[in-house]
Amino acid sequence: MHDKVFCTFFHCHTDERGSANEDWVMHGVGWNRRGKGWYRLKIMLLENKVALITGSGRGIGRGIARLFAIQGASVFLTARTETELAAAAEEIAAEGGKAAHVTADLAREQDCTKLLAAARERFGRIDILVNNAGHYGPVAPLEEYPLEEFDKVIAVHLRAAFLLSKLVLPEMYARKSGIILNISSLSAKAAYSWGSAYAAAKAGLLGLTRVMAAEAARQGVRVNAICPGPVTETVMSKELGITLAKKLGLNPEDQLKGFLSSLLQGRGQTTEEIAQAALFLCSDMSSAMVGQSINVDGGASFF
């Protein structure tokens, strides 16, 4: 049997036997004692878990899927583009992880149902659901915003999260365990022009998070949300920046620099930083956190 583990997710303890800090951030590395010897141990925070991650062909979702696989989870990916999903699954497999995928349009109820069935058929169950899929929609003032486009944005962000959660909760309740993580946005808490549908959908996700948390907490299921700031490396962020710069009569570099200067850190966030926060909220390290919306935004919002 192992006597002690000298490492947690956030801090590695050391003693006279030596340091235990190498690679600990990614793997939770510690030192265990067996008999008279000491040896290095990799602690997998999501070992033997199954995670369904939407919008995981690229960007934040792909980053979360990769890190979860590194941490021992079997990950089921979904998005609308087969080539992106296949590339993400191949990347995870090349790193020794387990991944499967299926294309789906989560604005369609039948696709949500088929997605859950495919994930269960492949991995047997769903321990973790990450509702990440979505797109920004038109960049337009409210009075010019097309109703059809408004409905599409709400459908893929908010309605899909509702549907997938509704479909997965009975399984989680039966096991008395499970985690749902909703990827919201800084736009849910701050005021920016020309994105009414996106802001409404992301704010709606926070309301949904709180209601689900209230209903699920005593059933053994934790529900939380992350509000990322500008993840400037993603395709969506780059395309949005170009569109905003054009509307403002600026070049994209100046537009981005001006926006980032309003953040305390003065820089954008990375997919890895969002993935690390997601890992924390989907692991036992956050076992007392329920119904929370965590800002990972470099100091843009404070509630």
# chains A, B, ... in the order shown; residues from 1 in each chain; ligands from 1

$ select_by_dssp --residues "segment 169-235 of chain A" --states "alpha helix (DSSP H)" --output "compact mmCIF listing (two decimals) with C-alpha atoms, in the first residue's frame"
# COMPACT_ATOMS: atom_id res chain seq x y z
CA LEU A 169 -28.90 14.03 -15.92
CA PRO A 170 -31.04 10.89 -15.37
CA GLU A 171 -27.95 8.72 -15.88
CA MET A 172 -25.93 10.86 -13.47
CA TYR A 173 -28.73 10.87 -10.89
CA ALA A 174 -28.95 7.08 -11.05
CA ARG A 175 -25.21 6.85 -10.27
CA SER A 196 -26.99 40.69 -28.59
CA ALA A 197 -27.65 37.02 -29.34
CA TYR A 198 -24.26 35.83 -28.12
CA ALA A 199 -24.48 37.85 -24.88
CA ALA A 200 -28.05 36.71 -24.25
CA ALA A 201 -27.17 33.06 -24.86
CA LYS A 202 -24.10 33.17 -22.61
CA ALA A 203 -25.98 34.99 -19.84
CA GLY A 204 -28.74 32.43 -20.18
CA LEU A 205 -26.16 29.70 -19.63
CA LEU A 206 -25.32 31.23 -16.25
CA GLY A 207 -28.97 31.15 -15.22
CA LEU A 208 -29.26 27.56 -16.43
CA THR A 209 -26.10 26.68 -14.49
CA ARG A 210 -27.54 27.97 -11.22
CA VAL A 211 -30.90 26.25 -11.66
CA MET A 212 -29.32 22.91 -12.60
CA ALA A 213 -26.90 23.20 -9.68
CA ALA A 214 -29.78 23.77 -7.27
CA GLU A 215 -31.64 20.75 -8.58
CA ALA A 216 -28.66 18.42 -8.95
CA VAL A 235 -10.61 31.15 -35.17

$ residues_around --residues "Val231 of chain A" --least-positions-apart "3" --cutoff "8 Å" --atoms "only C-alpha atoms" --output "NGL selection string"
:A and (228 or 234 or 237 or 268-271)

$ residues_around --residues "Gly298 of chain A" --least-positions-apart "2" --cutoff "12 Å" --atoms "only C-alpha atoms" --output "PyMOL selection string"
chain A and resi 186+227-231+260-270+273-274+294-296+300-302

$ select_by_dssp --residues "segment 18-220 of chain A" --states "strand (DSSP E)" --output "PyMOL selection string"
chain A and resi 29-34+37-42+50-54+74-79+98-103+128-131+178-183

$ residues_around --residues "Phe68 of chain A" --least-positions-apart "5" --cutoff "8 Å" --atoms "only C-alpha atoms" --output "number ranges by chain"
A: 46, 51, 73-75, 279

$ closest_residue --among "A:Leu67, A:Leu244, A:Leu116, A:Ala190" --to "Gly97 of chain A" --atoms "only C-alpha atoms"
A:Leu67

$ atom_distance --atom1 "atom CA of Ile43 of chain A" --atom2 "atom CA of Gly72 of chain A"
9.3 Å

$ closest_residue --among "A:Ser193, A:Glu82, A:Leu256, A:Asp297" --to "Glu143 of chain A" --atoms "only C-alpha atoms"
A:Ser193

$ atom_distance --atom1 "atom CA of Asp284 of chain A" --atom2 "atom CA of Leu167 of chain A"
23.2 Å

$ closest_residue --among "A:Thr78, A:Thr83, A:Ser287, A:Asn251" --to "Leu106 of chain A" --atoms "only C-alpha atoms"
A:Thr78

$ residues_around --residues "Leu164 of chain A" --least-positions-apart "6" --cutoff "12 Å" --atoms "only C-alpha atoms" --output "ChimeraX atom specification"
/A:52-54,106-117,119,126,128-133,155-158,170-171,180-182

$ write_last_selection --atoms "N, CA and C atoms" --output "mmCIF file, in the first residue's frame"
data_model
loop_
_atom_site.group_PDB
_atom_site.id
_atom_site.type_symbol
_atom_site.label_atom_id
_atom_site.label_comp_id
_atom_site.auth_asym_id
_atom_site.auth_seq_id
_atom_site.Cartn_x
_atom_site.Cartn_y
_atom_site.Cartn_z
ATOM 1 N N LEU A 52 -17.859 13.946 -22.351
ATOM 2 C CA LEU A 52 -18.431 14.380 -23.632
ATOM 3 C C LEU A 52 -18.234 15.881 -23.723
ATOM 4 N N ILE A 53 -17.537 16.319 -24.770
ATOM 5 C CA ILE A 53 -17.163 17.728 -24.914
ATOM 6 C C ILE A 53 -17.677 18.222 -26.261
ATOM 7 N N THR A 54 -18.576 19.179 -26.239
ATOM 8 C CA THR A 54 -19.123 19.695 -27.486
ATOM 9 C C THR A 54 -18.249 20.819 -28.023
ATOM 10 N N LEU A 106 -25.946 20.625 -33.069
ATOM 11 C CA LEU A 106 -26.620 20.588 -31.775
ATOM 12 C C LEU A 106 -27.810 21.537 -31.691
ATOM 13 N N ALA A 107 -28.048 22.316 -32.735
ATOM 14 C CA ALA A 107 -29.282 23.094 -32.802
ATOM 15 C C ALA A 107 -30.483 22.195 -33.099
ATOM 16 N N ARG A 108 -30.210 20.949 -33.484
ATOM 17 C CA ARG A 108 -31.268 19.980 -33.820
ATOM 18 C C ARG A 108 -31.408 18.969 -32.690
ATOM 19 N N GLU A 109 -32.634 18.820 -32.190
ATOM 20 C CA GLU A 109 -32.878 17.928 -31.057
ATOM 21 C C GLU A 109 -32.485 16.494 -31.376
ATOM 22 N N GLN A 110 -32.763 16.043 -32.601
ATOM 23 C CA GLN A 110 -32.443 14.651 -32.949
ATOM 24 C C GLN A 110 -30.944 14.398 -32.946
ATOM 25 N N ASP A 111 -30.158 15.415 -33.292
ATOM 26 C CA ASP A 111 -28.701 15.254 -33.258
ATOM 27 C C ASP A 111 -28.197 15.151 -31.824
ATOM 28 N N CYS A 112 -28.804 15.897 -30.911
ATOM 29 C CA CYS A 112 -28.427 15.793 -29.492
ATOM 30 C C CYS A 112 -28.698 14.382 -28.978
ATOM 31 N N THR A 113 -29.848 13.836 -29.332
ATOM 32 C CA THR A 113 -30.208 12.488 -28.893
ATOM 33 C C THR A 113 -29.249 11.457 -29.470
ATOM 34 N N LYS A 114 -28.939 11.581 -30.756
ATOM 35 C CA LYS A 114 -28.015 10.641 -31.400
ATOM 36 C C LYS A 114 -26.606 10.753 -30.817
ATOM 37 N N LEU A 115 -26.196 11.960 -30.471
ATOM 38 C CA LEU A 115 -24.879 12.168 -29.887
ATOM 39 C C LEU A 115 -24.736 11.424 -28.564
ATOM 40 N N LEU A 116 -25.714 11.570 -27.684
ATOM 41 C CA LEU A 116 -25.661 10.880 -26.396
ATOM 42 C C LEU A 116 -25.627 9.369 -26.581
ATOM 43 N N ALA A 117 -26.437 8.872 -27.537
ATOM 44 C CA ALA A 117 -26.460 7.435 -27.799
ATOM 45 C C ALA A 117 -25.116 6.936 -28.308
ATOM 46 N N ALA A 119 -22.119 8.308 -27.798
ATOM 47 C CA ALA A 119 -21.117 8.368 -26.725
ATOM 48 C C ALA A 119 -21.273 7.190 -25.775
ATOM 49 N N ILE A 126 -21.532 8.452 -19.421
ATOM 50 C CA ILE A 126 -21.008 9.824 -19.472
ATOM 51 C C ILE A 126 -20.878 10.323 -18.045
ATOM 52 N N ILE A 128 -18.871 13.190 -17.371
ATOM 53 C CA ILE A 128 -18.666 14.636 -17.460
ATOM 54 C C ILE A 128 -19.245 15.146 -18.773
ATOM 55 N N LEU A 129 -20.046 16.184 -18.712
ATOM 56 C CA LEU A 129 -20.556 16.859 -19.906
ATOM 57 C C LEU A 129 -20.026 18.281 -19.910
ATOM 58 N N VAL A 130 -19.342 18.661 -20.985
ATOM 59 C CA VAL A 130 -18.873 20.039 -21.158
ATOM 60 C C VAL A 130 -19.639 20.655 -22.323
ATOM 61 N N ASN A 131 -20.514 21.602 -22.003
ATOM 62 C CA ASN A 131 -21.299 22.306 -23.016
ATOM 63 C C ASN A 131 -20.504 23.520 -23.500
ATOM 64 N N ASN A 132 -19.827 23.339 -24.632
ATOM 65 C CA ASN A 132 -18.920 24.363 -25.142
ATOM 66 C C ASN A 132 -19.305 24.859 -26.538
ATOM 67 N N ALA A 133 -20.098 24.113 -27.284
ATOM 68 C CA ALA A 133 -20.368 24.441 -28.686
ATOM 69 C C ALA A 133 -21.048 25.799 -28.830
ATOM 70 N N ALA A 155 -30.017 28.711 -30.086
ATOM 71 C CA ALA A 155 -30.206 27.263 -30.191
ATOM 72 C C ALA A 155 -28.929 26.489 -29.923
ATOM 73 N N VAL A 156 -27.828 26.918 -30.504
ATOM 74 C CA VAL A 156 -26.599 26.133 -30.376
ATOM 75 C C VAL A 156 -25.918 26.361 -29.028
ATOM 76 N N HIS A 157 -26.049 27.536 -28.450
ATOM 77 C CA HIS A 157 -25.440 27.808 -27.152
ATOM 78 C C HIS A 157 -26.322 27.334 -26.003
ATOM 79 N N LEU A 158 -27.527 27.844 -25.934
ATOM 80 C CA LEU A 158 -28.372 27.675 -24.754
ATOM 81 C C LEU A 158 -29.308 26.472 -24.863
ATOM 82 N N PRO A 170 -30.498 12.119 -15.971
ATOM 83 C CA PRO A 170 -31.040 10.891 -15.372
ATOM 84 C C PRO A 170 -29.978 9.821 -15.126
ATOM 85 N N GLU A 171 -29.048 9.665 -16.057
ATOM 86 C CA GLU A 171 -27.950 8.717 -15.878
ATOM 87 C C GLU A 171 -27.082 9.103 -14.689
ATOM 88 N N ILE A 180 -21.370 18.622 -14.805
ATOM 89 C CA ILE A 180 -21.715 19.375 -16.009
ATOM 90 C C ILE A 180 -21.014 20.723 -15.921
ATOM 91 N N LEU A 181 -20.287 21.065 -16.969
ATOM 92 C CA LEU A 181 -19.574 22.342 -17.040
ATOM 93 C C LEU A 181 -20.057 23.098 -18.264
ATOM 94 N N ASN A 182 -20.573 24.299 -18.056
ATOM 95 C CA ASN A 182 -21.039 25.142 -19.144
ATOM 96 C C ASN A 182 -19.999 26.227 -19.432
#

$ atom_distance --atom1 "atom CA of Pro138 of chain A" --atom2 "atom CA of Phe162 of chain A"
22.8 Å

$ residues_around --residues "Ala140 of chain A" --least-positions-apart "4" --cutoff "8 Å" --atoms "only C-alpha atoms" --output "mmCIF file with C-alpha atoms, in the first residue's frame"
data_model
loop_
_atom_site.group_PDB
_atom_site.id
_atom_site.type_symbol
_atom_site.label_atom_id
_atom_site.label_comp_id
_atom_site.auth_asym_id
_atom_site.auth_seq_id
_atom_site.Cartn_x
_atom_site.Cartn_y
_atom_site.Cartn_z
ATOM 1 C CA GLU A 144 -30.707 45.323 -37.342
ATOM 2 C CA TYR A 145 -30.125 41.832 -35.935
ATOM 3 C CA TRP A 194 -23.187 44.380 -31.616
ATOM 4 C CA GLY A 195 -23.493 40.895 -30.097
#
